[in-house]
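Dumped work09.cif below, it's mmCIF, C-alpha atoms and all ligand atoms:
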data_my_file
loop_
_atom_site.label_atom_id
_atom_site.label_comp_id
_atom_site.auth_asym_id
_atom_site.auth_seq_id
_atom_site.Cartn_x
_atom_site.Cartn_y
_atom_site.Cartn_z
CA MET Y 1 170.63 90.72 -8.03
CA VAL Y 2 167.03 89.58 -8.45
CA PHE Y 3 168.31 86.05 -8.94
CA ALA Y 4 170.31 86.23 -5.73
CA ARG Y 5 167.28 87.48 -3.85
CA LEU Y 6 165.16 84.68 -5.28
CA LEU Y 7 167.79 82.18 -4.30
CA GLY Y 8 167.72 83.60 -0.79
CA VAL Y 9 163.98 83.13 -0.56
CA LEU Y 10 164.31 79.61 -1.93
CA LEU Y 11 166.97 78.73 0.65
CA LEU Y 12 164.80 80.16 3.38
CA LEU Y 13 161.92 77.96 2.21
CA LEU Y 14 164.14 74.91 2.08
CA THR Y 15 165.53 75.42 5.56
CA ALA Y 16 162.11 75.91 7.15
CA VAL Y 17 161.48 72.22 7.71
CA PRO Y 18 157.91 71.92 8.94
CA SER Y 19 157.93 69.04 11.45
CA HIS Y 20 161.44 68.88 12.85
CA ALA Y 21 163.27 72.18 13.14
CA ALA Y 22 167.03 72.07 13.61
CA LEU Y 23 168.09 73.94 16.73
CA PRO Y 24 170.63 76.72 16.30
CA SER Y 25 174.31 76.54 17.14
CA PRO Y 26 175.41 77.85 20.54
CA ALA Y 27 175.33 81.65 20.66
CA PRO Y 28 178.59 83.29 21.73
CA GLY Y 29 178.24 85.22 24.98
CA LYS Y 30 175.37 83.02 26.18
CA LEU Y 31 175.23 79.81 28.13
CA THR Y 32 173.65 77.06 26.04
CA VAL Y 33 172.55 73.67 27.33
CA TYR Y 34 171.42 70.98 24.87
CA PHE Y 35 169.44 68.06 26.22
CA LEU Y 36 170.24 65.79 23.31
CA ASP Y 37 167.75 63.26 22.04
CA VAL Y 38 169.45 59.92 22.60
CA GLY Y 39 166.37 57.76 23.16
CA GLN Y 40 166.31 55.90 26.49
CA GLY Y 41 169.33 57.45 28.19
CA ASP Y 42 170.92 60.80 29.00
CA ALA Y 43 173.28 63.12 27.13
CA THR Y 44 173.59 66.83 27.87
CA LEU Y 45 175.97 69.28 26.26
CA ILE Y 46 176.90 72.53 27.99
CA VAL Y 47 178.49 75.32 25.94
CA SER Y 48 179.63 78.27 28.08
CA PRO Y 49 179.58 81.91 26.93
CA THR Y 50 183.30 81.62 26.21
CA GLY Y 51 182.85 78.38 24.25
CA LYS Y 52 183.97 75.93 26.94
CA THR Y 53 182.20 72.60 26.52
CA VAL Y 54 181.10 69.92 28.96
CA LEU Y 55 179.30 66.73 27.93
CA ILE Y 56 177.37 65.03 30.70
CA ASP Y 57 176.73 61.38 29.73
CA GLY Y 58 176.60 59.88 26.26
CA GLY Y 59 173.34 57.96 25.96
CA PRO Y 60 172.97 54.27 25.11
CA PRO Y 61 175.20 52.46 22.57
CA GLU Y 62 172.57 52.62 19.83
CA ALA Y 63 172.56 56.43 20.05
CA GLY Y 64 176.34 56.69 19.59
CA LYS Y 65 176.28 57.43 15.87
CA ARG Y 66 173.58 60.09 16.13
CA LEU Y 67 175.25 61.68 19.15
CA ALA Y 68 178.61 61.79 17.36
CA ALA Y 69 177.05 63.48 14.35
CA ARG Y 70 175.24 66.06 16.49
CA LEU Y 71 178.39 66.84 18.50
CA ARG Y 72 180.32 67.37 15.26
CA GLU Y 73 177.79 70.08 14.41
CA LEU Y 74 177.87 71.75 17.81
CA VAL Y 75 181.47 71.36 18.98
CA LYS Y 76 184.44 72.62 17.05
CA GLN Y 77 187.22 71.60 19.44
CA PRO Y 78 187.74 68.64 21.77
CA LEU Y 79 185.30 68.73 24.69
CA ASP Y 80 186.84 70.45 27.72
CA LEU Y 81 185.27 67.95 30.08
CA VAL Y 82 183.23 64.76 29.83
CA ILE Y 83 181.29 63.73 32.92
CA LEU Y 84 179.95 60.21 33.18
CA THR Y 85 177.38 60.54 35.98
CA HIS Y 86 177.48 56.81 36.70
CA PRO Y 87 178.59 53.64 34.94
CA HIS Y 88 175.26 52.48 33.47
CA LEU Y 89 174.99 51.62 29.80
CA ASP Y 90 172.24 54.16 29.01
CA HIS Y 91 174.67 56.91 30.07
CA LEU Y 92 177.99 55.56 28.79
CA GLY Y 93 177.11 53.49 25.73
CA GLY Y 94 177.40 56.33 23.21
CA LEU Y 95 180.49 57.91 24.75
CA PRO Y 96 183.15 56.02 22.75
CA ALA Y 97 181.56 57.13 19.46
CA ALA Y 98 181.19 60.69 20.78
CA LEU Y 99 184.77 60.87 21.99
CA LYS Y 100 186.08 59.42 18.73
CA ALA Y 101 184.12 62.07 16.84
CA VAL Y 102 185.16 65.21 18.70
CA GLY Y 103 187.76 64.22 21.32
CA ALA Y 104 187.96 65.31 24.96
CA LYS Y 105 190.55 66.83 27.27
CA ARG Y 106 189.28 65.59 30.63
CA PHE Y 107 187.07 62.77 31.83
CA MET Y 108 185.37 62.59 35.20
CA ASP Y 109 183.31 59.81 36.72
CA PRO Y 110 182.24 59.09 40.31
CA GLY Y 111 185.00 56.51 40.77
CA PHE Y 112 182.35 54.02 41.79
CA ASP Y 113 183.50 50.64 40.57
CA HIS Y 114 181.23 48.68 38.31
CA PRO Y 115 182.00 45.29 36.82
CA SER Y 116 180.37 45.74 33.41
CA GLU Y 117 182.47 45.12 30.35
CA ALA Y 118 181.21 48.27 28.65
CA TYR Y 119 182.48 50.37 31.57
CA ARG Y 120 185.87 48.63 31.59
CA ASP Y 121 186.17 49.17 27.85
CA LEU Y 122 185.24 52.82 28.23
CA LEU Y 123 187.89 53.33 30.94
CA ASP Y 124 190.48 51.68 28.71
CA PHE Y 125 189.46 53.90 25.84
CA VAL Y 126 189.46 57.03 27.99
CA GLY Y 127 192.84 56.07 29.41
CA ARG Y 128 194.28 55.93 25.91
CA GLU Y 129 192.49 58.84 24.27
CA VAL Y 130 191.69 61.44 26.94
CA GLY Y 131 194.47 63.45 28.58
CA GLN Y 132 193.20 63.57 32.12
CA VAL Y 133 190.98 61.27 34.16
CA MET Y 134 189.57 62.58 37.42
CA ASN Y 135 187.17 61.82 40.24
CA PRO Y 136 184.94 64.57 41.69
CA GLU Y 137 186.89 64.76 44.90
CA PRO Y 138 186.85 67.88 47.03
CA ASN Y 139 190.26 69.46 47.42
CA PRO Y 140 191.83 67.64 50.40
CA ASN Y 141 193.25 70.95 51.66
CA ALA Y 142 189.75 72.44 51.82
CA PRO Y 143 187.49 69.43 52.31
CA GLN Y 144 184.44 71.55 53.19
CA THR Y 145 184.56 73.29 49.86
CA LEU Y 146 182.75 71.84 46.90
CA LEU Y 147 184.65 71.06 43.73
CA THR Y 148 183.82 73.84 41.28
CA ILE Y 149 184.84 74.04 37.66
CA GLY Y 150 184.91 77.54 36.19
CA LEU Y 151 183.66 77.77 32.61
CA GLY Y 152 184.35 81.47 32.05
CA GLU Y 153 182.22 84.63 32.35
CA GLY Y 154 181.21 83.66 35.88
CA VAL Y 155 179.69 80.35 34.78
CA ALA Y 156 180.48 77.65 37.32
CA LEU Y 157 179.81 73.94 37.44
CA THR Y 158 179.81 72.65 41.02
CA VAL Y 159 179.84 69.00 42.02
CA LEU Y 160 177.33 68.34 44.82
CA TRP Y 161 177.66 64.55 45.00
CA PRO Y 162 179.54 62.23 45.55
CA ARG Y 163 182.00 63.52 48.15
CA VAL Y 164 184.40 60.61 48.58
CA PRO Y 165 186.60 60.46 50.62
CA GLN Y 166 185.01 63.14 52.87
CA GLU Y 167 181.79 61.16 52.82
CA PRO Y 168 181.42 57.50 51.84
CA PHE Y 169 179.48 56.37 48.79
CA LEU Y 170 175.84 55.61 49.48
CA GLU Y 171 175.28 51.89 49.94
CA ASP Y 172 172.39 49.41 50.13
CA THR Y 173 170.16 51.56 48.00
CA ARG Y 174 167.91 50.30 45.20
CA SER Y 175 170.81 50.92 42.86
CA ASP Y 176 174.14 52.03 44.31
CA PRO Y 177 175.56 53.12 40.91
CA ASN Y 178 172.47 55.34 40.46
CA ALA Y 179 172.60 56.64 44.03
CA ASN Y 180 176.19 57.77 43.58
CA SER Y 181 175.54 59.58 40.31
CA ILE Y 182 177.55 62.76 39.92
CA VAL Y 183 175.11 65.59 40.71
CA THR Y 184 176.18 69.01 39.45
CA LYS Y 185 174.80 72.52 39.59
CA LEU Y 186 175.57 74.94 36.79
CA THR Y 187 175.16 78.61 37.66
CA TYR Y 188 175.17 81.71 35.49
CA GLY Y 189 173.96 84.98 36.99
CA LYS Y 190 170.42 84.53 38.23
CA THR Y 191 169.94 81.26 36.35
CA ALA Y 192 170.93 77.74 37.33
CA PHE Y 193 170.69 74.18 36.06
CA LEU Y 194 170.74 71.05 38.20
CA PHE Y 195 171.92 67.79 36.62
CA THR Y 196 171.04 64.75 38.68
CA GLY Y 197 172.04 61.71 36.61
CA ASP Y 198 170.01 58.77 37.91
CA ALA Y 199 170.04 60.00 41.53
CA GLU Y 200 167.97 57.93 43.94
CA PRO Y 201 165.86 59.05 46.92
CA PRO Y 202 168.83 58.54 49.34
CA THR Y 203 170.93 60.87 47.12
CA GLU Y 204 168.21 63.49 47.29
CA GLU Y 205 167.92 62.99 51.04
CA VAL Y 206 171.65 63.53 51.54
CA LEU Y 207 171.52 66.72 49.46
CA VAL Y 208 168.41 68.05 51.18
CA GLN Y 209 170.11 67.64 54.58
CA LYS Y 210 173.04 69.83 53.54
CA PRO Y 211 173.15 73.60 53.78
CA LEU Y 212 173.15 73.84 50.00
CA ASP Y 213 171.31 76.16 47.69
CA LEU Y 214 169.65 73.51 45.53
CA THR Y 215 167.37 75.92 43.66
CA ALA Y 216 167.54 75.65 39.90
CA THR Y 217 165.75 77.32 37.03
CA VAL Y 218 166.04 74.11 34.99
CA LEU Y 219 166.19 70.62 36.47
CA LYS Y 220 167.41 67.60 34.51
CA VAL Y 221 165.02 65.15 36.14
CA ALA Y 222 166.66 62.18 37.87
CA HIS Y 223 166.45 58.67 36.44
CA HIS Y 224 164.38 59.51 33.35
CA GLY Y 225 161.36 60.36 35.49
CA GLY Y 226 161.42 57.08 37.44
CA LYS Y 227 158.81 56.90 40.19
CA HIS Y 228 161.15 56.75 43.20
CA SER Y 229 163.39 59.71 42.37
CA SER Y 230 162.24 63.35 42.33
CA THR Y 231 160.95 63.13 45.87
CA ARG Y 232 158.65 65.88 47.10
CA ALA Y 233 161.18 67.13 49.68
CA PHE Y 234 163.88 67.40 47.01
CA LEU Y 235 161.69 69.16 44.44
CA GLU Y 236 160.51 71.64 47.07
CA ARG Y 237 164.15 72.63 47.61
CA VAL Y 238 165.02 72.76 43.90
CA LYS Y 239 161.89 74.74 42.94
CA PRO Y 240 162.46 74.19 39.21
CA SER Y 241 160.64 76.43 36.73
CA VAL Y 242 161.40 73.88 34.04
CA ALA Y 243 162.03 70.14 34.27
CA VAL Y 244 163.63 68.18 31.42
CA ILE Y 245 163.15 64.42 31.21
CA SER Y 246 165.39 62.40 28.92
CA CYS Y 247 163.74 59.15 27.85
CA GLY Y 248 162.97 57.00 24.80
CA VAL Y 249 159.70 56.82 22.87
CA GLY Y 250 157.59 53.95 24.25
CA ASN Y 251 160.39 52.72 26.52
CA ASP Y 252 159.95 49.50 28.49
CA TYR Y 253 160.46 51.18 31.85
CA GLY Y 254 157.35 53.31 31.77
CA HIS Y 255 159.52 56.43 32.00
CA PRO Y 256 158.50 59.05 32.82
CA THR Y 257 156.16 57.76 35.50
CA PRO Y 258 152.87 59.46 36.42
CA GLU Y 259 154.19 59.70 40.01
CA ALA Y 260 157.24 61.77 39.06
CA LEU Y 261 155.25 63.86 36.56
CA GLY Y 262 152.65 64.56 39.26
CA ARG Y 263 155.24 65.72 41.79
CA LEU Y 264 156.87 67.97 39.16
CA ARG Y 265 153.47 69.46 38.39
CA ASP Y 266 152.87 70.03 42.11
CA VAL Y 267 155.94 72.28 42.36
CA GLY Y 268 154.84 74.18 39.27
CA ALA Y 269 157.52 72.94 36.87
CA ARG Y 270 156.88 73.12 33.15
CA THR Y 271 158.03 69.73 31.84
CA PHE Y 272 159.86 68.92 28.62
CA ARG Y 273 160.46 65.32 27.47
CA THR Y 274 162.91 64.24 24.82
CA ASP Y 275 160.58 61.40 23.76
CA GLN Y 276 157.91 63.94 22.81
CA ASP Y 277 159.81 67.19 22.26
CA GLY Y 278 162.99 65.81 20.70
CA GLU Y 279 166.14 67.76 21.49
CA VAL Y 280 165.65 70.51 24.06
CA MET Y 281 167.87 73.60 23.92
CA ALA Y 282 168.07 76.02 26.84
CA VAL Y 283 169.85 79.36 26.40
CA SER Y 284 170.68 81.52 29.40
CA ASP Y 285 171.75 85.15 29.26
CA GLY Y 286 172.29 85.14 33.02
CA THR Y 287 168.81 86.52 33.72
CA THR Y 288 166.36 84.42 31.74
CA VAL Y 289 166.43 80.97 30.17
CA THR Y 290 164.83 80.49 26.75
CA LEU Y 291 163.91 76.94 25.81
CA ARG Y 292 163.30 75.62 22.31
CA THR Y 293 162.74 72.11 21.06
CA THR Y 294 163.03 70.39 17.69
CA ARG Y 295 159.24 70.27 17.64
CA ALA Y 296 158.74 73.10 15.20
CA GLU Y 297 155.24 74.08 16.20
CA ALA Y 298 156.23 74.78 19.79
CA SER Y 299 157.02 78.42 20.53
CA PRO Y 300 159.95 79.20 22.84
CA THR Y 301 159.41 79.10 26.59
CA VAL Y 302 161.05 81.89 28.58
CA VAL Y 303 161.61 81.61 32.32
CA THR Y 304 163.30 84.06 34.67
CA GLY Y 305 166.09 82.93 37.00
CA THR Y 306 165.88 83.65 40.72
CA GLN Y 307 169.37 82.73 41.96
CA LYS Y 308 170.59 84.95 44.74
CA ALA Y 309 173.75 86.78 43.77
CA GLY Y 310 176.97 85.58 45.32
CA SER Y 311 175.56 82.45 46.89
CA PRO Y 312 175.36 79.86 44.17
CA VAL Y 313 176.28 77.03 46.48
CA ALA Y 314 177.84 76.92 49.89
CA LEU Y 315 178.58 74.07 52.18
CA GLY Y 316 178.96 74.40 55.91
CA PRO Y 317 180.40 71.81 58.24
CA ILE Y 318 179.53 68.32 57.11
CA GLU Y 319 177.67 66.24 59.60
CA PRO Y 320 177.89 62.49 59.07
CA THR Y 321 174.62 61.35 57.55
CA PRO Y 322 172.85 59.02 59.97
CA GLN Y 323 172.21 55.62 58.39
CA ARG Y 324 168.60 54.96 59.13
CA GLN Y 325 168.03 51.26 58.91
CA GLY Y 326 164.76 50.07 57.47
CA ASP Y 327 164.31 53.49 55.95
CA ARG Y 328 165.29 52.43 52.49
CA ALA Y 329 163.17 50.42 50.19
CA VAL Y 330 164.97 47.32 49.03
CA GLU Y 331 162.83 46.89 45.98
CA LYS Y 332 165.03 47.08 42.91
CA GLU Y 333 163.70 48.64 39.77
CA PRO Y 334 165.14 47.44 36.48
CA ASP Y 335 167.57 49.99 35.13
CA PRO Y 336 168.28 50.41 31.44
CA GLY Y 337 171.97 50.23 32.17
CA ALA Y 338 172.03 47.61 34.86
CA PRO Y 339 174.11 44.58 33.98
CA ARG Y 340 172.17 41.38 33.34
CA THR Y 341 174.26 39.43 35.79
CA LYS Y 342 174.36 40.24 39.47
CA PRO Y 343 177.20 42.68 39.99
CA SER Y 344 179.89 41.24 42.20
CA LYS Y 345 181.42 43.62 44.70
CA GLU Y 346 184.86 44.14 43.30
CA PRO Y 347 187.50 46.08 45.15
CA SER Y 348 186.35 49.59 44.45
CA ARG Y 349 188.47 52.50 43.36
CA GLU Y 350 187.66 54.66 46.32
CA PRO Y 351 189.65 54.63 49.54
CA ALA Y 352 187.93 52.84 52.40
CA PRO Y 353 185.78 55.44 54.11
CA THR Y 354 186.59 55.97 57.76
CA SER Y 355 183.52 55.74 59.91
CA PRO Y 356 183.04 58.72 62.24
CA SER Y 357 183.45 56.48 65.27
CA SER Y 358 186.62 54.72 64.08
CA PRO Y 359 189.49 55.15 66.50
CA SER Y 360 192.07 55.71 63.76
CA GLU Y 361 194.55 58.55 64.12
CA PRO Y 362 193.55 61.86 62.66
CA GLY Y 363 194.78 62.16 59.10
CA ASP Y 364 195.51 58.47 58.82
CA THR Y 365 192.83 57.02 56.60
CA GLY Y 366 194.77 53.84 56.04
CA GLN Y 367 194.93 55.01 52.46
CA ARG Y 368 198.04 54.19 50.51
CA PHE Y 369 199.71 55.90 47.62
CA GLU Y 370 201.74 54.65 44.71
CA SER Y 371 204.36 55.94 42.36
CA LEU Y 372 205.39 54.50 39.07
CA LYS Y 373 209.02 53.40 38.94
CA GLY Y 374 211.30 56.43 38.53
CA SER Y 375 208.40 58.92 38.76
CA LYS Y 376 208.47 62.11 40.86
CA VAL Y 377 204.70 62.04 41.14
CA PHE Y 378 202.56 60.00 43.49
CA HIS Y 379 199.00 58.87 42.90
CA ARG Y 380 196.23 57.48 45.00
CA GLU Y 381 196.52 53.72 45.12
CA ASP Y 382 193.23 53.44 43.24
CA CYS Y 383 194.05 56.00 40.55
CA PRO Y 384 192.83 54.76 37.16
CA THR Y 385 195.95 56.14 35.48
CA LEU Y 386 198.11 53.91 37.66
CA LYS Y 387 195.97 50.90 36.93
CA ARG Y 388 196.51 51.36 33.25
CA SER Y 389 200.28 51.56 33.45
CA LYS Y 390 202.37 48.47 32.95
CA ASN Y 391 205.29 50.02 34.88
CA GLU Y 392 206.37 48.78 38.28
CA ARG Y 393 204.89 50.64 41.26
CA THR Y 394 206.03 51.50 44.76
CA VAL Y 395 203.48 51.74 47.57
CA TYR Y 396 203.62 54.31 50.40
CA SER Y 397 201.51 55.02 53.46
CA ARG Y 398 200.17 58.55 54.08
CA ARG Y 399 203.15 59.59 56.22
CA ALA Y 400 206.00 57.89 54.35
CA ASP Y 401 209.07 60.13 53.88
CA ALA Y 402 209.32 59.12 50.26
CA LEU Y 403 205.93 60.71 49.71
CA ARG Y 404 207.23 64.14 50.73
CA GLU Y 405 209.87 63.95 48.01
CA ARG Y 406 207.18 63.54 45.40
CA ARG Y 407 204.38 65.77 44.23
CA PRO Y 408 200.74 64.75 44.05
CA ALA Y 409 199.43 63.74 40.65
CA GLU Y 410 196.99 66.08 39.00
CA ASP Y 411 194.61 63.40 37.85
CA CYS Y 412 193.68 61.91 41.21
CA HIS Y 413 194.66 64.67 43.72
CA PRO Y 414 196.09 62.34 46.37
ZN ZN E 501 171.40 54.27 35.95
ZN ZN E 502 169.76 55.97 33.32
#
Serialized structure, structure tokens:
Amino acid sequence: MVFARLLGVLLLLLTAVPSHAALPSPAPGKLTVYFLDVGQGDATLIVSPTGKTVLIDGGPPEAGKRLAARLRELVKQPLDLVILTHPHLDHLGGLPAALKAVGAKRFMDPGFDHPSEAYRDLLDFVGREVGQVMNPEPNPNAPQTLLTIGLGEGVALTVLWPRVPQEPFLEDTRSDPNANSIVTKLTYGKTAFLFTGDAEPPTEEVLVQKPLDLTATVLKVAHHGGKHSSTRAFLERVKPSVAVISCGVGNDYGHPTPEALGRLRDVGARTFRTDQDGEVMAVSDGTTVTLRTTRAEASPTVVTGTQKAGSPVALGPIEPTPQRQGDRAVEKEPDPGAPRTKPSKEPSREPAPTSPSSPSEPGDTGQRFESLKGSKVFHREDCPTLKRSKNERTVYSRRADALRERRPAEDCHP
């Protein structure tokens, strides 16, 4: 008995690592968000109170091994959903290793085409290994509604951007892949998290103009704290109590920038940084969020959520966003994930957006649909699943009779 007690004390001593404390496993019945330390890149794991898991981004290639090992500790079943916010290497590079390690049931990306080899390889891999590939498209039968993914116990993950085909992708920005990052809001009771990928000022502007509740208890800061993103107008709408910046120690980009840090300070956000704090874990019980980091000496930070009940996010009628010429800086900032060569505009996966003034018939977007030979299901012409199949395809227009005899595919919601 005495021996056992001594052993217990010894184990306790051994586990109390002084400099780098391991963060606990997700607590059942709570919402846990891990901002994983992947160096210069992003990777966030959401574990819902019922154990549903969502991985947002997978860090750079060099973080793949570490990410895979950490996910093995935290995730016991294949991930329910993997979101790639945008096809840059510092967000997708570690995903193949992560997916090999724990598996995934669904994969979502903005559907914004990008010519990099790493992205092509990832899509091939996902096509082979992940059951379902989807774009964050609003339900065509209720285009005003935002796409929301229920994670159990009232936890909801809502996609705020992009909204193709209801609204076209943002173009002619400093970085179009960044500007069309998947932006999501995770709500649980009075608490909320906003994940912004590498959103650019035009993304923030589009969101600010919408009748959306952008407030969030915890903000995953856009573009690693780059100086252009996290505009004052956006932060004043988000009103984050806590801001988390994912970036590498001594990175070449100067992330996070004093400009972004200053604006976060101005709105009263307490800032965490993965380069200084290591992994950041945020646990919500629906009322408060408790944050811990792998920096052992830091005591937990507790913040109270202020979400209004019943109105996590709502979207009224969508007005076409006016394209203000000359309003957008053309200066391009180097991006960790940007390809070295100039990206050629390839035919993109999204349907051609109809301009509000186009005289086309209502309902006819000029979009076409395809079925695989012998299949009772039809897909959007640009569906990644179709692209991967070697089978013969048949093409239909929106109003073809043959389309009515077939049901829409679940991966691309044509
Ligand atoms: Zn990026
Ligand atoms: Zn990035």
Residues at most 7 Å from segment 204-208 of chain Y, counting all atoms listed in the file, excluding those fewer than 4 positions away in the same chain, as a PDB file with C-alpha atoms, in the frame of the given file?
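Once everything was written out, this is around16.pdb:
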ATOM      1  CA  ALA Y 199     170.040  60.000  41.530  1.00  0.00           C
ATOM      2  CA  GLU Y 200     167.970  57.930  43.940  1.00  0.00           C
ATOM      3  CA  PHE Y 234     163.880  67.400  47.010  1.00  0.00           C
TER       4      PHE Y 234
END
Considering all atoms listed in the file, tabulate each residue of chain Y that lies at most 9 Å from ligand ZN 501 (chain E) along with its nearest interatomic pair and the corresponding distance in Å to one decimal; arrange the rows by chain and ascending residue number and present them as JSON lines.
{"residue": "Y:Gly41", "atom": "CA", "partner": "E:ZN501", "partner_atom": "ZN", "distance": 8.6}
{"residue": "Y:Thr85", "atom": "CA", "partner": "E:ZN501", "partner_atom": "ZN", "distance": 8.7}
{"residue": "Y:His86", "atom": "CA", "partner": "E:ZN501", "partner_atom": "ZN", "distance": 6.6}
{"residue": "Y:Pro87", "atom": "CA", "partner": "E:ZN501", "partner_atom": "ZN", "distance": 7.3}
{"residue": "Y:His88", "atom": "CA", "partner": "E:ZN501", "partner_atom": "ZN", "distance": 4.9}
{"residue": "Y:Leu89", "atom": "CA", "partner": "E:ZN501", "partner_atom": "ZN", "distance": 7.6}
{"residue": "Y:Asp90", "atom": "CA", "partner": "E:ZN501", "partner_atom": "ZN", "distance": 7.0}
{"residue": "Y:His91", "atom": "CA", "partner": "E:ZN501", "partner_atom": "ZN", "distance": 7.2}
{"residue": "Y:Ser175", "atom": "CA", "partner": "E:ZN501", "partner_atom": "ZN", "distance": 7.7}
{"residue": "Y:Pro177", "atom": "CA", "partner": "E:ZN501", "partner_atom": "ZN", "distance": 6.6}
{"residue": "Y:Asn178", "atom": "CA", "partner": "E:ZN501", "partner_atom": "ZN", "distance": 4.8}
{"residue": "Y:Ala179", "atom": "CA", "partner": "E:ZN501", "partner_atom": "ZN", "distance": 8.5}
{"residue": "Y:Ser181", "atom": "CA", "partner": "E:ZN501", "partner_atom": "ZN", "distance": 8.0}
{"residue": "Y:Gly197", "atom": "CA", "partner": "E:ZN501", "partner_atom": "ZN", "distance": 7.5}
{"residue": "Y:Asp198", "atom": "CA", "partner": "E:ZN501", "partner_atom": "ZN", "distance": 5.1}
{"residue": "Y:Ala199", "atom": "CA", "partner": "E:ZN501", "partner_atom": "ZN", "distance": 8.1}
{"residue": "Y:His223", "atom": "CA", "partner": "E:ZN501", "partner_atom": "ZN", "distance": 6.6}
{"residue": "Y:Asp335", "atom": "CA", "partner": "E:ZN501", "partner_atom": "ZN", "distance": 5.8}
{"residue": "Y:Pro336", "atom": "CA", "partner": "E:ZN501", "partner_atom": "ZN", "distance": 6.7}
{"residue": "Y:Gly337", "atom": "CA", "partner": "E:ZN501", "partner_atom": "ZN", "distance": 5.6}
{"residue": "Y:Ala338", "atom": "CA", "partner": "E:ZN501", "partner_atom": "ZN", "distance": 6.8}
Taking C-alpha atoms for each residue, export the selection above as a PDB file, in the frame of the given file.
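Output file part_4.pdb follows:
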ATOM      1  CA  GLY Y  41     169.330  57.450  28.190  1.00  0.00           C
ATOM      2  CA  THR Y  85     177.380  60.540  35.980  1.00  0.00           C
ATOM      3  CA  HIS Y  86     177.480  56.810  36.700  1.00  0.00           C
ATOM      4  CA  PRO Y  87     178.590  53.640  34.940  1.00  0.00           C
ATOM      5  CA  HIS Y  88     175.260  52.480  33.470  1.00  0.00           C
ATOM      6  CA  LEU Y  89     174.990  51.620  29.800  1.00  0.00           C
ATOM      7  CA  ASP Y  90     172.240  54.160  29.010  1.00  0.00           C
ATOM      8  CA  HIS Y  91     174.670  56.910  30.070  1.00  0.00           C
ATOM      9  CA  SER Y 175     170.810  50.920  42.860  1.00  0.00           C
ATOM     10  CA  PRO Y 177     175.560  53.120  40.910  1.00  0.00           C
ATOM     11  CA  ASN Y 178     172.470  55.340  40.460  1.00  0.00           C
ATOM     12  CA  ALA Y 179     172.600  56.640  44.030  1.00  0.00           C
ATOM     13  CA  SER Y 181     175.540  59.580  40.310  1.00  0.00           C
ATOM     14  CA  GLY Y 197     172.040  61.710  36.610  1.00  0.00           C
ATOM     15  CA  ASP Y 198     170.010  58.770  37.910  1.00  0.00           C
ATOM     16  CA  ALA Y 199     170.040  60.000  41.530  1.00  0.00           C
ATOM     17  CA  HIS Y 223     166.450  58.670  36.440  1.00  0.00           C
ATOM     18  CA  ASP Y 335     167.570  49.990  35.130  1.00  0.00           C
ATOM     19  CA  PRO Y 336     168.280  50.410  31.440  1.00  0.00           C
ATOM     20  CA  GLY Y 337     171.970  50.230  32.170  1.00  0.00           C
ATOM     21  CA  ALA Y 338     172.030  47.610  34.860  1.00  0.00           C
TER      22      ALA Y 338
END
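What separates atom CA of Pro240 of chain Y from atom CA of Gln166 of chain Y is a distance of 28.6 Å.
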Subject >> For atom CA of Gly189 of chain Y and atom CA of Ser284 of chain Y, the interatomic separation in Å (one decimal) >> reply: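 According to the coordinates, atom CA of Gly189 of chain Y and atom CA of Ser284 of chain Y are separated by 9.0 Å.
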**OP:** Fewer than 2 positions away in the same chain doesn't count, so skip those; otherwise give me all residues within 8 Å of Arg270 of chain Y, counting only C-alpha atoms, as a PyMOL selection string.
**Re:** chain Y and resi 241-243+264-265+268+272
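Reported to one decimal place, the separation of atom CA of Thr304 of chain Y from atom CA of Ser246 of chain Y is 22.5 Å.
The smallest atom-to-atom distance between ligand ZN 502 (chain E) and any of Y:Gly64, Y:Gly58, Y:Gly131, Y:Pro28, using all atoms listed in the file, is found for Y:Gly58.
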Subject >> Distance criterion (all atoms listed in the file): nearest to Leu74 of chain Y out of Y:Phe195, Y:Tyr119, Y:Tyr34, Y:Phe125 >> reply: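 With all atoms listed in the file as the atom set, the closest residue is Y:Tyr34.
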Subject >> Residues within 7 Å of (157.4, 55.8, 42.0), counting all atoms listed in the file, listed as a PyMOL selection string >> reply: chain Y and resi 226-228+257+259-260
**OP:** Choose the residue, out of Y:Thr196, Y:Asn141, Y:Gln307, Y:Ser48, that has the smallest atom-to-atom separation from ligand ZN 502 (chain E); count all atoms listed in the file.
**Re:**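 Once distances to ligand ZN 502 (chain E) are computed over all atoms listed in the file, the minimum belongs to Y:Thr196.
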Original post:
Using only C-alpha atoms and all ligand atoms, which of Y:Val159, Y:Ile245, Y:Val164, Y:Ala21 sits nearest ligand ZN 502 (chain E)?
Top reply: Y:Ile245
Original post:
Which is closest to ligand ZN 502 (chain E) among Y:Arg174, Y:Lys190, Y:His224, Y:Arg163, if we use all atoms listed in the file?
Top reply: Y:His224
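Among the candidates Y:Ala222, Y:Ala98, Y:Val54, Y:Val302, the residue lying nearest to ligand ZN 502 (chain E) is Y:Ala222 (atoms considered: all atoms listed in the file).
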Hey, can I get the axis-aligned box for segment 199-204 of chain Y? All listed atoms, 8 Å padding on each side, centre and edge lengths in Å to one decimal, as lines of an AutoDock Vina configuration file.
center_x = 168.4
center_y = 60.7
center_z = 45.4
size_x = 21.1
size_y = 21.6
size_z = 23.8
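Excluding Thr32 of chain Y and any residue on its chain fewer than 4 positions from it, the residues at most 6 Å away by all atoms listed in the file are Y:Pro26, Y:Ile46, Y:Val47, Y:Ala282, Y:Val283.
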Give me segment 193-198 of chain Y from this structure - C-alpha atoms, as a CSV table (one decimal), in the first residue's frame.
chain,number,residue,atom,x,y,z
Y,193,PHE,CA,-15.0,31.0,-32.1
Y,194,LEU,CA,-14.2,32.7,-35.4
Y,195,PHE,CA,-11.8,30.9,-37.8
Y,196,THR,CA,-10.6,33.2,-40.5
Y,197,GLY,CA,-7.9,31.2,-42.4
Y,198,ASP,CA,-5.8,33.8,-44.2
